[in-house]
Amino acid sequence: MNIIYSFLIGPMAWISFSILIIGFIIKILYFFFLSKNKDPEVLRYYHIGYAFRSIVAWNILFLAKSWRQNIPFTIATILFHISIFLIPIFLTAHVILIRMSWGISYFTLSETISDIFTVVGLISAAYLFIRRIIDKKIRYISTFQDYFLICLCFLVLFTGFVSYHQFINYKFFICTHILLSELLIILIPITKLSHIIFAPILRGYIGSEFGRIRNVYDW
Amino acid sequence: MSMIGKIIQLSQNIGVSIMESIEITDSHLIKVSQQISTQDIKNAVDQVLNKENGSRLKFYLSSCINCGMCFNACHFCISHNFDPYYSPVGKVKNTLKKIIKKNGEITPIEMAKIAEIAFTECTLCKRCVLYCPMGIDTAYLMSVVRRICCLIGMVPQYIQDTVNSHAAFFNQMWVKDDEWVDTLKWQEEELRGEFPWGEIPIDKVGADFMYSVIAPEPKFSPELIYYMSSIFNIAKVNWTMSSQPGWDNSDMAMYVRDDTISQQLKRSHFEAALKLKCNYIVMCECGHAFRSVYDTINRQLGWKYYPIKVIHAVEFLAYLLKRGKIKIREKIKEPVTIHDPCNISRGRGLHNLLREVVSYLCENIIEMYPNKEHNICCGAGGGVINCGPIYKEKRVKGNKVKAEQLKKTGAKIVIAPCHNCHSGLEDIVQFYELDMKVRFLGEIIYNLMEKPV
């Protein structure tokens, strides 16, 4: 188990983060050159100001009409995204790992707050998953990827939570946690999770198109 | 347990039924499907998806997380009790994603169904763009599907006929050149009955404004040309109309995605204006022609914007009213509501100007909600109404939400400065038996303005 642990935390971490970064670089370059050759208006109409306006507007809670019309979903998705963003970066244990390898240390969340965020993340992930299964409309449009990715996020949070509190079989859970997290990181550039980068880029394009050509707000 | 129950209750829309029909209503599409092979479809798919389209198509498709927020956007979806089959994401699933999943190996009869979805169940109104957190332009994706259909000839017959007319006569309705000039002369004669000094100048070089109309005006309702020419005459602006093939600004080829024809059309339209050395092109009260100029075809022609400033009738009438060039005798006292055409409100932000114009004309304006850029489409745009009477029932039933909106206002007059919206709303008013009249701005202003004798 110790060998597996040191492999996961050492070489495997390097591999997964390299795939993440290289994958994103390739994808962004692909987007750029494809736009340049086939969709020149994407670059021609792109306007940083309008793009920024659109991204900010959509990140303000309940500003966009679309957010206001799906209140339960909006609350769940916002909480889910906040916890899935804060926990990996600011959890004490993760910061310690970074300090051990690179000697960098920064602000951490207190243990109670991280626990709260984890539980909130778990509940909202569960809601998003159950919504896909129960709601006939959402089930109609869901694909395997949608179910799988939300499950993976849930499991990463769950194994992390269990291993942190060391309820049972600490070593098994911490290894599973690291393995699943690395799987998730690898999957980011090649699945729909690439919306981490491409949601702002596409939102920015539509924002510029609406600001520049259509003279209306796009929210 | 009770909490989960609540969550389930919140997320579940009880009584939702999903439509899964594969019936095709159009016999023409079935006929076409008998004449083409799977290989033809595969070639067209390859041409459109791999050669013609680029980053937007690929990244829109790979970024959709199927969250279902676009359900609230589409009038077809809302009117059918949020049936996911009619939702923007559902339409993409049943068309483009199906094509990509099967790698282009679609049977002709499946393709006919796809064509029917793309042509008659989406009005390309772009309302879903405002409701998608990712900023995915479903209208663009549906127009890609239409492009595939166009390449294999799988286009509803009525709209194909208008495209053929565009190709042959550079106008939408098979109006011949002499018939067009004849109509203008006839309207001038009528005009002289009322204003003896009135005229409709044809091909006058160096005028400030060239007025361009769409072909249904001379074909079916020449009175609209009459109203606008009286306004031009009374406002005493220096204007003209073209007798050249570019006199018609409509562009149904844009909605069929017959790109070659639509590019020729727009070029001829601008050439007609350039030949007359006019400063502005004034468009009649039409939405899609305006869209083709500022948004769609200018891109295809490689222009960032357009060579001559184009102004929509709403902008022009606002200019005349604000400058006091036409004066209004009395305002309409009946309750009036405003329908925002997608192509000029969500498409160009003219909704506030439209309200300014209407405030000159009417006392009692009742707003429909949602309005302005969030307006609900009339259900006839995007070439849907041009697909012919066989789709009328589908179109009208798919826009129950608009009928409810109209009914709620209790207004007696709906102002819709767009030809497609006009016809679409008239069908809705008739089908749902609403006590309303649909009016153009030109008609209202003609009836209300001060006329020098």
# chains A, B, ... in the order shown; residues from 1 in each chain; ligands from 1
$ residues_around --residues "region 297-300 of chain B" --least-positions-apart "5" --cutoff "8 Å" --atoms "only C-alpha atoms" --output "list in words"
Glu41 of chain A; Met254, Asp259, Ser262, Gln263, Lys266, Ser292, Tyr305 and Tyr306 of chain B
$ write_last_selection --atoms "C-alpha atoms" --output "compact mmCIF listing (two decimals), in the first residue's frame"
# COMPACT_ATOMS: atom_id res chain seq x y z
CA GLU A 41 -15.27 35.99 -37.21
CA MET B 254 -29.95 32.60 -45.78
CA ASP B 259 -24.88 30.37 -49.27
CA SER B 262 -27.62 34.52 -50.50
CA GLN B 263 -24.21 36.05 -51.12
CA LYS B 266 -26.75 40.74 -50.80
CA SER B 292 -28.88 39.12 -43.30
CA TYR B 305 -19.87 45.39 -41.41
CA TYR B 306 -21.48 46.65 -44.64
$ residues_around --residues "Ala403 (chain B)" --least-positions-apart "6" --cutoff "12 Å" --atoms "only C-alpha atoms" --output "list in words"
His75, Ser79, His339, Met368, Ile376, Cys377, Cys378, Gly379, Val396, Lys397, Thr409, Gly410, Val414, Gly424, Leu425, Glu426, Asp427, Ile428, Val429, Gln430, Phe431, Tyr432, Glu433, Leu434, Asp435 and Met436 of chain B
$ closest_residue --among "A:Phe90, A:Phe173, A:Phe198, A:Phe17" --to "chain B" --atoms "only C-alpha atoms"
A:Phe198
$ interface_residues --of "chain B" --to "chain A" --cutoff "7 Å" --atoms "only C-alpha atoms" --output "list in words"
Ser11, Gln12, Glu52, Asn53, Gly54, Ser55, Ser62, Ser63, Ile65, Asn66, Gly68, Met69, Asp83, Pro84, Gly90, Leu130, Tyr131, Met134, Gly135, Arg346, Gly347, Arg348, Gly349 and Glu373 of chain B
$ atom_distance --atom1 "CA of Asn386 (chain B)" --atom2 "CA of Asn399 (chain B)"
16.4 Å
$ residues_around --residues "region 230-234 of chain B" --least-positions-apart "2" --cutoff "10 Å" --atoms "only C-alpha atoms" --output "MDAnalysis selection string"
chainID B and resid 188 191:192 194:195 197:200 209 211 224:228 236:240 317 320 325:327 442:443 445:446 449:452
$ write_last_selection --atoms "N, CA, C and O atoms" --output "short mmCIF file (atom, residue, chain, number, x, y, z; two decimals), in the first residue's frame"
data_model
loop_
_atom_site.label_atom_id
_atom_site.label_comp_id
_atom_site.auth_asym_id
_atom_site.auth_seq_id
_atom_site.Cartn_x
_atom_site.Cartn_y
_atom_site.Cartn_z
N GLU B 188 -47.78 55.12 -57.48
CA GLU B 188 -47.57 56.55 -57.65
C GLU B 188 -48.86 57.22 -58.11
O GLU B 188 -49.23 58.29 -57.64
N LEU B 191 -51.09 57.51 -55.27
CA LEU B 191 -50.56 58.56 -54.40
C LEU B 191 -50.99 59.94 -54.88
O LEU B 191 -51.37 60.81 -54.11
N ARG B 192 -50.94 60.11 -56.21
CA ARG B 192 -51.30 61.42 -56.79
C ARG B 192 -52.76 61.74 -56.55
O ARG B 192 -53.15 62.91 -56.53
N GLU B 194 -54.25 61.32 -53.82
CA GLU B 194 -54.33 61.94 -52.50
C GLU B 194 -53.45 63.18 -52.40
O GLU B 194 -53.86 64.20 -51.86
N PHE B 195 -52.22 63.05 -52.89
CA PHE B 195 -51.30 64.19 -52.89
C PHE B 195 -50.89 64.46 -54.34
O PHE B 195 -50.05 63.74 -54.87
N TRP B 197 -48.92 66.36 -55.71
CA TRP B 197 -47.49 66.61 -55.93
C TRP B 197 -46.63 65.39 -55.60
O TRP B 197 -45.42 65.41 -55.73
N GLY B 198 -47.27 64.32 -55.16
CA GLY B 198 -46.50 63.15 -54.70
C GLY B 198 -45.83 62.40 -55.83
O GLY B 198 -46.27 62.43 -56.97
N GLU B 199 -44.71 61.75 -55.50
CA GLU B 199 -44.06 60.92 -56.52
C GLU B 199 -43.30 59.77 -55.86
O GLU B 199 -42.95 59.84 -54.68
N ILE B 200 -43.06 58.73 -56.67
CA ILE B 200 -42.17 57.65 -56.24
C ILE B 200 -40.98 57.68 -57.19
O ILE B 200 -41.06 57.16 -58.30
N PHE B 209 -31.66 58.64 -49.44
CA PHE B 209 -32.12 57.32 -49.00
C PHE B 209 -32.58 56.47 -50.16
O PHE B 209 -33.30 56.95 -51.04
N TYR B 211 -34.98 53.36 -50.63
CA TYR B 211 -35.92 52.54 -49.89
C TYR B 211 -36.01 51.18 -50.56
O TYR B 211 -36.27 51.08 -51.76
N LEU B 224 -48.64 48.78 -48.54
CA LEU B 224 -47.53 49.10 -47.63
C LEU B 224 -46.53 50.02 -48.31
O LEU B 224 -45.98 50.93 -47.69
N ILE B 225 -46.32 49.80 -49.61
CA ILE B 225 -45.45 50.71 -50.37
C ILE B 225 -46.11 52.09 -50.42
O ILE B 225 -45.45 53.11 -50.27
N TYR B 226 -47.42 52.09 -50.57
CA TYR B 226 -48.19 53.34 -50.60
C TYR B 226 -48.01 54.13 -49.31
O TYR B 226 -47.70 55.32 -49.33
N TYR B 227 -48.19 53.44 -48.17
CA TYR B 227 -48.07 54.12 -46.88
C TYR B 227 -46.68 54.73 -46.72
O TYR B 227 -46.53 55.89 -46.35
N MET B 228 -45.66 53.91 -47.01
CA MET B 228 -44.30 54.40 -46.80
C MET B 228 -43.96 55.53 -47.76
O MET B 228 -43.32 56.51 -47.38
N LYS B 236 -40.77 65.01 -46.93
CA LYS B 236 -39.94 65.73 -47.91
C LYS B 236 -38.47 65.35 -47.82
O LYS B 236 -37.58 66.21 -47.77
N VAL B 237 -38.20 64.07 -47.77
CA VAL B 237 -36.80 63.65 -47.81
C VAL B 237 -36.44 63.29 -49.26
O VAL B 237 -37.31 63.00 -50.08
N ASN B 238 -35.14 63.35 -49.52
CA ASN B 238 -34.64 63.06 -50.85
C ASN B 238 -34.45 61.55 -50.96
O ASN B 238 -33.50 60.99 -50.42
N TRP B 239 -35.38 60.89 -51.64
CA TRP B 239 -35.35 59.43 -51.62
C TRP B 239 -35.55 58.85 -53.00
O TRP B 239 -35.92 59.56 -53.94
N THR B 240 -35.32 57.54 -53.11
CA THR B 240 -35.53 56.88 -54.39
C THR B 240 -35.78 55.40 -54.15
O THR B 240 -35.57 54.88 -53.06
N LEU B 317 -38.15 55.83 -39.06
CA LEU B 317 -39.36 56.50 -38.58
C LEU B 317 -39.07 57.27 -37.29
O LEU B 317 -39.60 58.38 -37.09
N LEU B 320 -37.55 60.50 -38.33
CA LEU B 320 -38.53 61.46 -38.86
C LEU B 320 -39.38 62.07 -37.75
O LEU B 320 -39.63 63.28 -37.73
N LYS B 325 -40.27 65.87 -38.74
CA LYS B 325 -40.54 65.91 -40.18
C LYS B 325 -41.93 65.40 -40.50
O LYS B 325 -42.49 65.74 -41.53
N ILE B 326 -42.43 64.52 -39.66
CA ILE B 326 -43.85 64.17 -39.77
C ILE B 326 -44.49 64.45 -38.41
O ILE B 326 -43.88 64.20 -37.38
N LYS B 327 -45.68 64.97 -38.46
CA LYS B 327 -46.35 65.31 -37.21
C LYS B 327 -47.59 64.45 -37.06
O LYS B 327 -48.26 64.13 -38.03
N GLY B 442 -45.82 51.65 -40.34
CA GLY B 442 -46.08 52.51 -41.48
C GLY B 442 -47.55 52.79 -41.65
O GLY B 442 -47.96 53.93 -41.88
N GLU B 443 -48.34 51.74 -41.48
CA GLU B 443 -49.79 51.86 -41.63
C GLU B 443 -50.37 52.80 -40.56
O GLU B 443 -51.17 53.70 -40.87
N ILE B 445 -48.77 55.12 -38.79
CA ILE B 445 -48.32 56.51 -38.97
C ILE B 445 -49.07 57.16 -40.12
O ILE B 445 -49.49 58.31 -40.01
N TYR B 446 -49.27 56.42 -41.21
CA TYR B 446 -50.01 56.98 -42.34
C TYR B 446 -51.40 57.45 -41.90
O TYR B 446 -51.87 58.52 -42.30
N MET B 449 -50.92 60.67 -39.26
CA MET B 449 -50.10 61.87 -39.45
C MET B 449 -50.89 63.01 -40.08
O MET B 449 -51.94 62.82 -40.68
N GLU B 450 -50.32 64.21 -39.91
CA GLU B 450 -50.92 65.39 -40.52
C GLU B 450 -50.60 65.39 -42.00
O GLU B 450 -49.44 65.25 -42.39
N LYS B 451 -51.65 65.52 -42.83
CA LYS B 451 -51.42 65.48 -44.28
C LYS B 451 -51.70 66.86 -44.88
O LYS B 451 -52.83 67.32 -44.82
N PRO B 452 -50.70 67.51 -45.43
CA PRO B 452 -50.95 68.78 -46.11
C PRO B 452 -51.76 68.54 -47.38
O PRO B 452 -51.56 67.54 -48.07
#
$ select_by_dssp --residues "region 14-169 of chain A" --states "helix (DSSP H, G or I)" --output "ChimeraX atom specification"
/A:14-38,40-45,48-59,65-69,71-90,92-102,111-134,136-141,144-165
$ select_by_dssp --residues "region 118-300 of chain B" --states "strand (DSSP E)" --output "VMD selection string"
chain B and resid 209 to 212 239 to 240 280 to 283
$ closest_residue --among "B:Pro307, B:Gly153, B:Pro417, B:Gly381" --to "Glu285 (chain B)" --atoms "only C-alpha atoms"
B:Pro417
$ atom_distance --atom1 "CA of Pro245 (chain B)" --atom2 "CA of Met210 (chain B)"
13.7 Å
$ atom_distance --atom1 "CA of Asp295 (chain B)" --atom2 "CA of Tyr140 (chain B)"
11.8 Å
